[in-house]
file query_2.cif (mmCIF, C-alpha atoms)
data_protein
#
loop_
_atom_site.label_atom_id
_atom_site.label_comp_id
_atom_site.auth_asym_id
_atom_site.auth_seq_id
_atom_site.Cartn_x
_atom_site.Cartn_y
_atom_site.Cartn_z
CA MET T 278 -5.83 19.86 9.75
CA PRO T 279 -2.93 19.84 7.32
CA GLY T 280 0.58 19.63 8.56
CA LEU T 281 3.81 18.35 7.28
CA VAL T 282 4.60 17.74 3.62
CA ILE T 283 7.97 16.41 2.50
CA ASP T 284 8.62 16.07 -1.20
CA ARG T 285 11.89 14.62 -2.52
CA GLU T 286 13.01 12.91 -5.69
CA VAL T 287 15.96 11.15 -7.29
CA LEU T 288 16.93 10.14 -10.82
CA ILE T 289 17.95 6.48 -11.10
CA GLU T 290 19.84 4.89 -13.98
CA ALA T 291 17.75 1.72 -14.08
CA PRO T 292 14.47 0.61 -15.71
CA VAL T 293 11.26 1.36 -13.83
CA GLU T 294 10.62 -2.36 -13.11
CA VAL T 295 13.97 -2.67 -11.32
CA VAL T 296 13.26 0.39 -9.20
CA TRP T 297 9.78 -0.96 -8.44
CA ARG T 298 11.24 -4.21 -7.12
CA THR T 299 13.77 -2.30 -5.04
CA ILE T 300 11.14 -0.26 -3.25
CA THR T 301 8.49 -2.98 -2.83
CA GLU T 302 10.23 -6.30 -2.16
CA PRO T 303 10.54 -6.77 1.62
CA ASP T 304 14.13 -8.12 1.47
CA GLN T 305 15.08 -5.04 -0.58
CA MET T 306 13.12 -2.69 1.69
CA SER T 307 15.13 -3.92 4.64
CA GLN T 308 18.25 -2.59 2.91
CA TRP T 309 17.08 0.99 2.46
CA PHE T 310 14.33 1.41 5.02
CA ALA T 311 13.68 -0.61 8.16
CA ASP T 312 15.97 -3.23 9.70
CA ARG T 313 13.24 -5.79 9.29
CA VAL T 314 10.16 -5.58 7.13
CA ASP T 315 7.17 -7.83 7.80
CA LEU T 316 4.85 -6.79 5.05
CA VAL T 317 2.87 -8.20 2.15
CA ILE T 318 2.67 -5.71 -0.70
CA GLU T 319 -1.08 -5.72 -1.25
CA PRO T 320 -3.59 -2.91 -0.84
CA GLY T 321 -4.90 -2.96 2.73
CA ALA T 322 -2.21 -5.32 4.02
CA HIS T 323 -1.10 -4.69 7.62
CA GLY T 324 2.57 -5.13 8.41
CA TYR T 325 5.31 -4.10 10.79
CA LEU T 326 8.58 -2.23 10.40
CA ASN T 327 11.45 -2.75 12.82
CA PHE T 328 14.05 -0.04 13.39
CA GLY T 329 16.56 -1.46 15.87
CA ASP T 330 14.72 -1.72 19.15
CA GLN T 331 11.89 0.46 17.88
CA GLY T 332 9.25 -0.22 15.31
CA GLY T 333 5.75 0.44 14.21
CA PRO T 334 2.81 -0.83 12.22
CA VAL T 335 2.39 0.03 8.57
CA VAL T 336 -0.61 -0.35 6.27
CA VAL T 337 -0.31 -0.57 2.49
CA GLU T 338 -2.63 1.73 0.53
CA VAL T 339 -1.93 1.80 -3.21
CA VAL T 340 -0.06 -0.88 -5.17
CA ASP T 341 -0.03 -0.02 -8.85
CA PRO T 342 3.05 -1.64 -10.45
CA PRO T 343 5.35 -0.29 -11.60
CA THR T 344 4.44 3.35 -10.98
CA ARG T 345 2.62 3.89 -7.67
CA PHE T 346 3.12 2.53 -4.17
CA SER T 347 1.93 4.08 -0.94
CA PHE T 348 1.57 3.19 2.71
CA ARG T 349 0.56 4.75 6.00
CA TRP T 350 2.65 4.65 9.14
CA ASN T 351 3.32 6.49 12.36
CA HIS T 352 -0.14 5.74 13.70
CA ALA T 353 -0.63 4.44 17.23
CA ARG T 354 -0.46 0.69 17.60
CA GLY T 355 -3.92 -0.87 17.67
CA GLU T 356 -5.42 2.04 15.76
CA GLU T 357 -6.54 1.75 12.18
CA PRO T 358 -4.52 4.32 10.21
CA VAL T 359 -6.75 6.93 8.62
CA PRO T 360 -6.13 10.48 7.48
CA GLY T 361 -5.50 12.46 10.64
CA ASN T 362 -3.74 9.89 12.82
CA SER T 363 -0.93 8.77 10.51
CA MET T 364 1.58 9.79 7.88
CA LEU T 365 1.09 8.85 4.24
CA VAL T 366 4.17 7.94 2.20
CA GLU T 367 3.64 7.92 -1.57
CA PHE T 368 6.17 6.72 -4.12
CA THR T 369 5.73 7.69 -7.76
CA LEU T 370 7.94 6.13 -10.43
CA THR T 371 8.19 7.80 -13.81
CA PRO T 372 10.14 6.15 -16.65
CA GLU T 373 12.36 8.69 -18.40
CA GLY T 374 13.70 6.29 -21.01
CA PRO T 375 14.27 2.52 -21.12
CA GLU T 376 16.98 2.64 -18.45
CA ARG T 377 16.18 5.73 -16.44
CA THR T 378 13.53 6.32 -13.76
CA ARG T 379 12.50 9.35 -11.75
CA LEU T 380 11.52 8.32 -8.23
CA ARG T 381 9.54 10.78 -6.14
CA VAL T 382 8.51 10.38 -2.52
CA VAL T 383 5.97 12.53 -0.72
CA GLU T 384 5.38 12.12 2.99
CA SER T 385 2.40 13.98 4.36
CA GLY T 386 0.14 14.03 7.35
CA HIS T 387 -2.93 15.67 8.76
CA GLU T 388 -4.88 15.60 5.52
CA LEU T 389 -7.12 18.37 4.45
CA ARG T 390 -10.31 16.34 4.77
CA ASP T 391 -12.11 18.77 7.09
CA TRP T 392 -11.35 21.80 4.97
CA PRO T 393 -13.56 23.61 2.49
CA ALA T 394 -12.53 22.97 -1.13
CA ALA T 395 -11.25 26.51 -1.71
CA GLU T 396 -8.95 26.32 1.30
CA GLN T 397 -7.69 22.91 0.17
CA GLN T 398 -6.81 24.32 -3.22
CA ARG T 399 -5.08 27.31 -1.70
CA TYR T 400 -3.14 25.05 0.61
CA ALA T 401 -2.09 22.77 -2.26
CA ASP T 402 -1.02 25.77 -4.33
CA GLU T 403 0.99 27.21 -1.48
CA HIS T 404 2.69 23.93 -0.76
CA ARG T 405 3.97 22.72 -4.06
CA ASP T 406 7.42 23.31 -2.66
CA GLY T 407 6.76 21.78 0.72
CA TRP T 408 7.30 23.03 4.22
CA GLY T 409 11.03 23.38 3.99
CA GLU T 410 10.75 26.50 1.93
CA TYR T 411 8.24 28.19 4.21
CA LEU T 412 10.33 27.50 7.30
CA ASP T 413 13.55 28.51 5.57
CA ARG T 414 11.99 31.79 4.54
CA LEU T 415 10.78 32.50 8.08
CA ALA T 416 14.17 31.65 9.51
CA VAL T 417 15.88 34.04 7.09
CA VAL T 418 13.57 36.87 8.11
CA VAL T 419 14.18 36.17 11.78
CA ALA T 420 17.96 35.99 11.33
CA LYS T 421 17.94 39.26 9.40
CA ARG T 422 15.99 41.02 12.11
CA GLN T 423 18.24 39.72 14.85
CA SER T 424 21.44 40.85 13.15
CA GLY T 425 19.96 44.17 12.02
CA MET V 69 10.92 5.97 14.38
CA THR V 70 11.22 9.18 12.39
CA ALA V 71 11.91 12.71 13.49
CA LEU V 72 8.18 13.17 13.74
CA THR V 73 8.22 14.51 17.25
CA ASP V 74 6.60 17.82 16.56
CA ASP V 75 3.08 17.01 15.48
CA GLU V 76 1.72 20.03 17.25
CA LEU V 77 4.24 22.28 15.59
CA TRP V 78 3.35 21.10 12.09
CA SER V 79 -0.34 21.49 12.84
CA ALA V 80 0.28 24.97 14.19
CA ILE V 81 1.89 26.21 11.00
CA GLY V 82 -0.35 24.06 8.79
CA ASP V 83 -3.31 26.40 9.02
CA PRO V 84 -3.10 29.18 6.40
CA SER V 85 -4.79 31.79 8.62
CA ARG V 86 -2.48 31.00 11.49
CA ARG V 87 0.50 31.19 9.17
CA GLN V 88 -0.67 34.62 8.10
CA VAL V 89 -0.63 35.70 11.76
CA LEU V 90 2.81 34.17 12.29
CA ASP V 91 4.13 35.87 9.16
CA LEU V 92 2.96 39.25 10.45
CA VAL V 93 4.58 38.67 13.86
CA VAL V 94 7.83 37.53 12.20
CA SER V 95 8.09 40.49 9.86
CA ASN V 96 6.98 43.21 12.28
CA GLY V 97 8.72 42.39 15.53
CA GLU V 98 6.56 43.05 18.57
CA VAL V 99 2.89 43.43 17.79
CA SER V 100 -0.40 43.42 19.65
CA ALA V 101 -3.49 41.35 18.90
CA SER V 102 -5.49 44.41 17.85
CA TRP V 103 -2.72 45.55 15.50
CA LEU V 104 -2.81 42.08 13.93
CA ALA V 105 -6.60 42.07 13.73
CA GLY V 106 -6.45 45.21 11.60
CA ARG V 107 -4.33 43.45 9.01
CA VAL V 108 -6.04 40.12 8.49
CA PRO V 109 -9.37 39.29 6.86
CA PHE V 110 -10.71 37.48 9.91
CA SER V 111 -12.05 38.41 13.33
CA ARG V 112 -10.20 39.58 16.39
CA GLN V 113 -11.44 36.41 18.16
CA ALA V 114 -9.85 34.26 15.45
CA VAL V 115 -6.58 36.18 15.83
CA SER V 116 -6.62 35.53 19.58
CA LYS V 117 -7.21 31.81 19.03
CA HIS V 118 -4.31 31.62 16.57
CA LEU V 119 -2.04 33.47 19.01
CA VAL V 120 -2.90 30.96 21.75
CA VAL V 121 -1.97 28.03 19.51
CA LEU V 122 1.26 29.68 18.33
CA GLU V 123 2.24 30.49 21.89
CA ARG V 124 1.45 26.96 23.11
CA THR V 125 3.66 25.55 20.35
CA GLY V 126 6.44 27.87 21.49
CA LEU V 127 6.71 29.74 18.20
CA ILE V 128 5.84 33.08 19.78
CA SER V 129 6.03 34.57 23.26
CA ARG V 130 4.22 37.48 24.87
CA ARG V 131 5.00 40.23 27.32
CA LYS V 132 2.94 42.91 28.95
CA ALA V 133 3.75 46.52 28.08
CA GLY V 134 1.49 48.75 30.11
CA ARG V 135 -2.07 47.86 29.21
CA GLU V 136 -1.01 46.08 26.06
CA VAL V 137 0.14 42.53 25.43
CA LEU V 138 2.83 42.29 22.78
CA TYR V 139 3.75 39.17 20.83
CA GLN V 140 7.05 38.28 19.24
CA VAL V 141 8.54 35.27 17.50
CA LYS V 142 10.83 32.89 19.41
CA ALA V 143 13.80 32.39 17.14
CA ASP V 144 15.19 29.28 18.86
CA ARG V 145 11.92 27.39 18.45
CA LEU V 146 11.74 28.39 14.80
CA ASP V 147 15.33 27.22 14.30
CA GLN V 148 14.42 23.93 15.93
CA ALA V 149 11.48 23.54 13.55
CA VAL V 150 13.69 24.28 10.56
CA ARG V 151 16.22 21.70 11.74
CA ALA V 152 13.58 19.02 12.40
CA MET V 153 12.18 19.61 8.95
CA ALA V 154 15.61 19.45 7.33
CA GLU V 155 16.39 16.23 9.21
CA LEU V 156 13.22 14.56 8.00
CA ALA V 157 13.96 15.60 4.42
CA ALA V 158 17.58 14.42 4.79
CA GLN V 159 16.33 11.08 6.04
CA TRP V 160 14.35 10.61 2.83
CA ASP V 161 17.30 11.82 0.76
CA ARG V 162 19.45 9.11 2.36
CA ARG V 163 16.82 6.47 1.69
CA LEU V 164 16.44 7.58 -1.93
CA ALA V 165 20.22 7.53 -2.38
CA THR V 166 20.31 3.94 -1.09
CA ILE V 167 17.42 2.93 -3.38
CA LYS V 168 19.37 4.44 -6.28
CA LEU V 169 22.48 2.42 -5.39
CA LEU V 170 20.50 -0.82 -4.99
CA ALA V 171 18.49 -0.41 -8.18
CA GLU V 172 21.48 0.59 -10.30
CA ALA V 173 23.53 -2.34 -8.93
CA ALA V 174 20.64 -4.74 -9.65
CA HIS V 175 20.33 -3.34 -13.15
CA THR V 176 24.05 -3.75 -13.84
CA ARG V 177 23.84 -7.32 -12.54
CA ASN V 178 20.81 -8.10 -14.75
CA THR V 179 22.50 -6.62 -17.81
CA ARG V 180 25.68 -8.59 -17.20
CA GLU V 181 23.75 -11.84 -16.67
CA SER V 182 21.70 -11.48 -19.84
CA ARG V 183 24.86 -10.65 -21.79
CA GLY V 184 26.52 -13.74 -20.30
CA HIS V 185 23.76 -15.95 -21.74
CA HIS V 186 24.31 -14.66 -25.24
CA ASP V 187 28.08 -14.50 -25.13
CA GLN V 188 29.82 -17.45 -23.49
CA SER V 189 33.32 -16.00 -23.76
CA PRO V 190 33.99 -13.43 -21.05
CA ASP V 191 35.45 -10.17 -22.24
CA ARG V 192 38.53 -9.67 -20.08
CA ASN V 193 39.11 -6.17 -21.33
CA ALA V 194 35.73 -4.92 -20.12
#
call {"tool": "encode", "arguments": {"input": "query_2.cif", "output": "C-alpha cells"}}
result
Amino acid sequence: MPGLVIDREVLIEAPVEVVWRTITEPDQMSQWFADRVDLVIEPGAHGYLNFGDQGGPVVVEVVDPPTRFSFRWNHARGEEPVPGNSMLVEFTLTPEGPERTRLRVVESGHELRDWPAAEQQRYADEHRDGWGEYLDRLAVVVAKRQSG
Amino acid sequence: MTALTDDELWSAIGDPSRRQVLDLVVSNGEVSASWLAGRVPFSRQAVSKHLVVLERTGLISRRKAGREVLYQVKADRLDQAVRAMAELAAQWDRRLATIKLLAEAAHTRNTRESRGHHDQSPDRNA
C-alpha cells in the first residue's frame, strides 16, 4: 500500500562529479547525514548508519555515477529491506551546465506493488507534488470550517 | 532515526479510495456512512472499512445521533500529520543545504588548487 512520498531538490553551484562524491563518499556522508556511516557504495551492499545513540541498517540499491544513487532504510534489523517494509531514498543528479547541478531527493515507502496498473498511474499522477500538498490542503479546509 | 513514527497514518491516507472518503468528511462536516456511500463509486461495505481505518488512525471520530452514527474529522490529528510531514521535508531540506555547502566548498577548493598549479605566484588582490 502506498504511503509517504517526500520530494525535495536543491540547485548546487558545482559540477555533477563533485556533488556525486559529496553524497556517496562515506566520510562526506557523515557530514550531512549520519554521525557515522559504515557503508560500501555498491549495489546490494549492506551497511549501517549511526545517529548519536540510535542507528539503523541501510542497503544500497542503485549506484549509477554520477547521476543516480539510491538506498533503502528504516527496515527492521535482521530483515531484508524490500518494498513494503522500508523507505527508499533516491538521489537524482542533473547537470545544468559545467559548474551547476540540480540535486533531487525522493523518499518514499509502501510501494504500489500490490496495486492494479490503473490505480498506480492514478496515484502517481495525484502525487507529483507529494503528500505535503494534500495534507496542507486538508488542513486549510479544516481551519476554514473551524473559524467559520 | 527519522520522524517516521506514523506509518499507519501514511498508509491510511495513501489509499485513493480512503482519501476520497476523508475528503468528503473534511469538506462536509458531520456525515453518516450511508450519506458517504451515496457519493463514492464503491460499496457501502468498502466505505465502512475505510471509516474503520480512518478512525483507528485518529483522523476521524464518531458519535451517535439517534439511530445514526456521524463521522467528523479530528483537526488536532490532522495538524499533527501536517507537522510530521513538514518536519520530514525540513529534515531533507537541511541535508540538501549541507550537501550544497560541502559540494560548493569542495569545488572552490578544487578550482583554487588547479589554478595554483598553473600560476605559481599567488594573487594577493583576489
call {"tool": "residues_around", "arguments": {"input": "query_2.cif", "residues": "stretch 298-301 of chain T", "least_positions_apart": "2", "cutoff": "7 Å", "atoms": "all atoms listed in the file", "output": "list in words"}}
result
Glu294, Val295, Val296, Pro303, Gln305, Met306 and Ile318 of chain T; Ile167, Leu170 and Ala171 of chain V
call {"tool": "interface_residues", "arguments": {"input": "query_2.cif", "of": "chain V", "to": "chain T", "cutoff": "8 Å", "atoms": "all atoms listed in the file", "output": "ChimeraX atom specification"}}
result
/V:69,75,78-84,91,94-95,143,146-147,149-150,153-154,156-157,160-161,163-168,170-172,174-175
call {"tool": "residues_around", "arguments": {"input": "query_2.cif", "residues": "V:Val89", "least_positions_apart": "6", "cutoff": "8 Å", "atoms": "only C-alpha atoms", "output": "number ranges by chain"}}
result
V: 104, 108, 115, 118-119
call {"tool": "resolve_selection", "arguments": {"input": "query_2.cif", "expression": "the PyMOL selection byres ((chain V and resi 141) around 8)", "output": "list of chain:residue names"}}
result
V:Leu90, V:Val93, V:Val94, V:Gly97, V:Leu127, V:Ile128, V:Ser129, V:Tyr139, V:Gln140, V:Lys142, V:Ala143
call {"tool": "resolve_selection", "arguments": {"input": "query_2.cif", "expression": "the PyMOL selection byres ((chain T and resi 348) around 12)", "output": "ChimeraX atom specification"}}
result
/T:300-301,316-326,334-340,345-347,349-352,358-360,363-368,382-386
call {"tool": "atom_distance", "arguments": {"input": "query_2.cif", "atom1": "atom CA of V:Arg131", "atom2": "atom CA of V:Arg107"}}
result
20.8 Å
call {"tool": "residues_around", "arguments": {"input": "query_2.cif", "residues": "V:Lys117", "least_positions_apart": "4", "cutoff": "12 Å", "atoms": "only C-alpha atoms", "output": "VMD selection string"}}
result
chain V and resid 80 85 to 86 89 101 105 110 to 113 121 to 124
call {"tool": "decode", "arguments": {"input": "query_2.cif", "residues": "stretch 335-372 of chain T", "atoms": "N, CA and C atoms", "output": "tab-separated table (two decimals), in the first residue's frame"}}
result
chain	number	residue	atom	x	y	z
T	335	VAL	N	21.17	-0.08	6.45
T	335	VAL	CA	20.86	0.55	5.17
T	335	VAL	C	21.37	-0.38	4.08
T	336	VAL	N	20.64	-0.46	2.98
T	336	VAL	CA	21.04	-1.31	1.87
T	336	VAL	C	21.05	-0.48	0.59
T	337	VAL	N	22.19	-0.51	-0.11
T	337	VAL	CA	22.33	0.27	-1.34
T	337	VAL	C	21.55	-0.41	-2.46
T	338	GLU	N	20.83	0.37	-3.25
T	338	GLU	CA	20.11	-0.20	-4.40
T	338	GLU	C	20.81	0.16	-5.71
T	339	VAL	N	20.69	1.41	-6.13
T	339	VAL	CA	21.24	1.81	-7.44
T	339	VAL	C	22.47	2.67	-7.24
T	340	VAL	N	23.55	2.34	-7.96
T	340	VAL	CA	24.73	3.21	-8.00
T	340	VAL	C	25.06	3.41	-9.46
T	341	ASP	N	24.76	4.60	-9.97
T	341	ASP	CA	24.93	4.89	-11.38
T	341	ASP	C	25.61	6.25	-11.51
T	342	PRO	N	26.96	6.28	-11.29
T	342	PRO	CA	27.67	7.57	-11.25
T	342	PRO	C	27.61	8.27	-12.60
T	343	PRO	N	27.51	9.58	-12.62
T	343	PRO	CA	27.33	10.44	-11.45
T	343	PRO	C	25.89	10.95	-11.33
T	344	THR	N	24.91	10.14	-11.72
T	344	THR	CA	23.55	10.70	-11.77
T	344	THR	C	22.52	10.03	-10.87
T	345	ARG	N	22.72	8.77	-10.51
T	345	ARG	CA	21.68	8.11	-9.69
T	345	ARG	C	22.26	7.29	-8.56
T	346	PHE	N	21.71	7.51	-7.37
T	346	PHE	CA	22.14	6.77	-6.18
T	346	PHE	C	20.91	6.56	-5.31
T	347	SER	N	20.68	5.32	-4.90
T	347	SER	CA	19.53	5.10	-4.03
T	347	SER	C	19.83	4.03	-2.99
T	348	PHE	N	19.13	4.13	-1.87
T	348	PHE	CA	19.29	3.12	-0.82
T	348	PHE	C	17.97	2.96	-0.08
T	349	ARG	N	17.86	1.84	0.61
T	349	ARG	CA	16.69	1.58	1.46
T	349	ARG	C	17.11	1.64	2.91
T	350	TRP	N	16.23	2.17	3.74
T	350	TRP	CA	16.49	2.19	5.18
T	350	TRP	C	15.17	2.17	5.92
T	351	ASN	N	15.30	2.25	7.25
T	351	ASN	CA	14.11	2.23	8.09
T	351	ASN	C	13.38	0.89	8.04
T	352	HIS	N	14.12	-0.19	7.74
T	352	HIS	CA	13.53	-1.52	7.88
T	352	HIS	C	14.01	-2.10	9.21
T	353	ALA	N	13.31	-3.09	9.69
T	353	ALA	CA	13.67	-3.69	10.98
T	353	ALA	C	15.00	-4.42	10.85
T	354	ARG	N	15.79	-4.35	11.90
T	354	ARG	CA	17.08	-5.00	11.88
T	354	ARG	C	16.91	-6.52	11.71
T	355	GLY	N	17.72	-7.10	10.87
T	355	GLY	CA	17.60	-8.55	10.64
T	355	GLY	C	16.69	-8.87	9.47
T	356	GLU	N	15.89	-7.89	9.06
T	356	GLU	CA	15.03	-8.12	7.90
T	356	GLU	C	15.73	-7.65	6.64
T	357	GLU	N	15.45	-8.32	5.55
T	357	GLU	CA	15.96	-7.86	4.26
T	357	GLU	C	15.02	-6.77	3.77
T	358	PRO	N	15.54	-5.58	3.46
T	358	PRO	CA	14.63	-4.49	3.05
T	358	PRO	C	14.05	-4.76	1.67
T	359	VAL	N	12.74	-4.74	1.59
T	359	VAL	CA	12.05	-4.91	0.32
T	359	VAL	C	10.95	-3.85	0.29
T	360	PRO	N	10.36	-3.62	-0.89
T	360	PRO	CA	9.22	-2.71	-0.90
T	360	PRO	C	8.18	-3.17	0.11
T	361	GLY	N	7.74	-2.27	0.95
T	361	GLY	CA	6.71	-2.64	1.92
T	361	GLY	C	7.20	-2.61	3.35
T	362	ASN	N	8.51	-2.86	3.58
T	362	ASN	CA	8.97	-2.83	4.97
T	362	ASN	C	10.04	-1.76	5.19
T	363	SER	N	10.27	-0.92	4.17
T	363	SER	CA	11.37	0.05	4.29
T	363	SER	C	11.07	1.30	3.49
T	364	MET	N	11.91	2.30	3.68
T	364	MET	CA	11.78	3.53	2.90
T	364	MET	C	12.88	3.55	1.85
T	365	LEU	N	12.54	4.02	0.67
T	365	LEU	CA	13.50	4.13	-0.42
T	365	LEU	C	13.90	5.59	-0.58
T	366	VAL	N	15.20	5.86	-0.55
T	366	VAL	CA	15.70	7.22	-0.77
T	366	VAL	C	16.44	7.24	-2.10
T	367	GLU	N	16.00	8.09	-3.01
T	367	GLU	CA	16.59	8.15	-4.35
T	367	GLU	C	17.14	9.54	-4.64
T	368	PHE	N	18.42	9.58	-4.95
T	368	PHE	CA	19.04	10.84	-5.36
T	368	PHE	C	19.17	10.85	-6.87
T	369	THR	N	18.80	11.97	-7.49
T	369	THR	CA	19.00	12.14	-8.92
T	369	THR	C	19.78	13.43	-9.13
T	370	LEU	N	20.90	13.33	-9.86
T	370	LEU	CA	21.75	14.49	-10.12
T	370	LEU	C	21.63	14.85	-11.60
T	371	THR	N	21.31	16.09	-11.87
T	371	THR	CA	21.17	16.54	-13.25
T	371	THR	C	22.10	17.72	-13.50
T	372	PRO	N	23.10	17.55	-14.40
T	372	PRO	CA	23.97	18.69	-14.71
T	372	PRO	C	23.17	19.77	-15.41
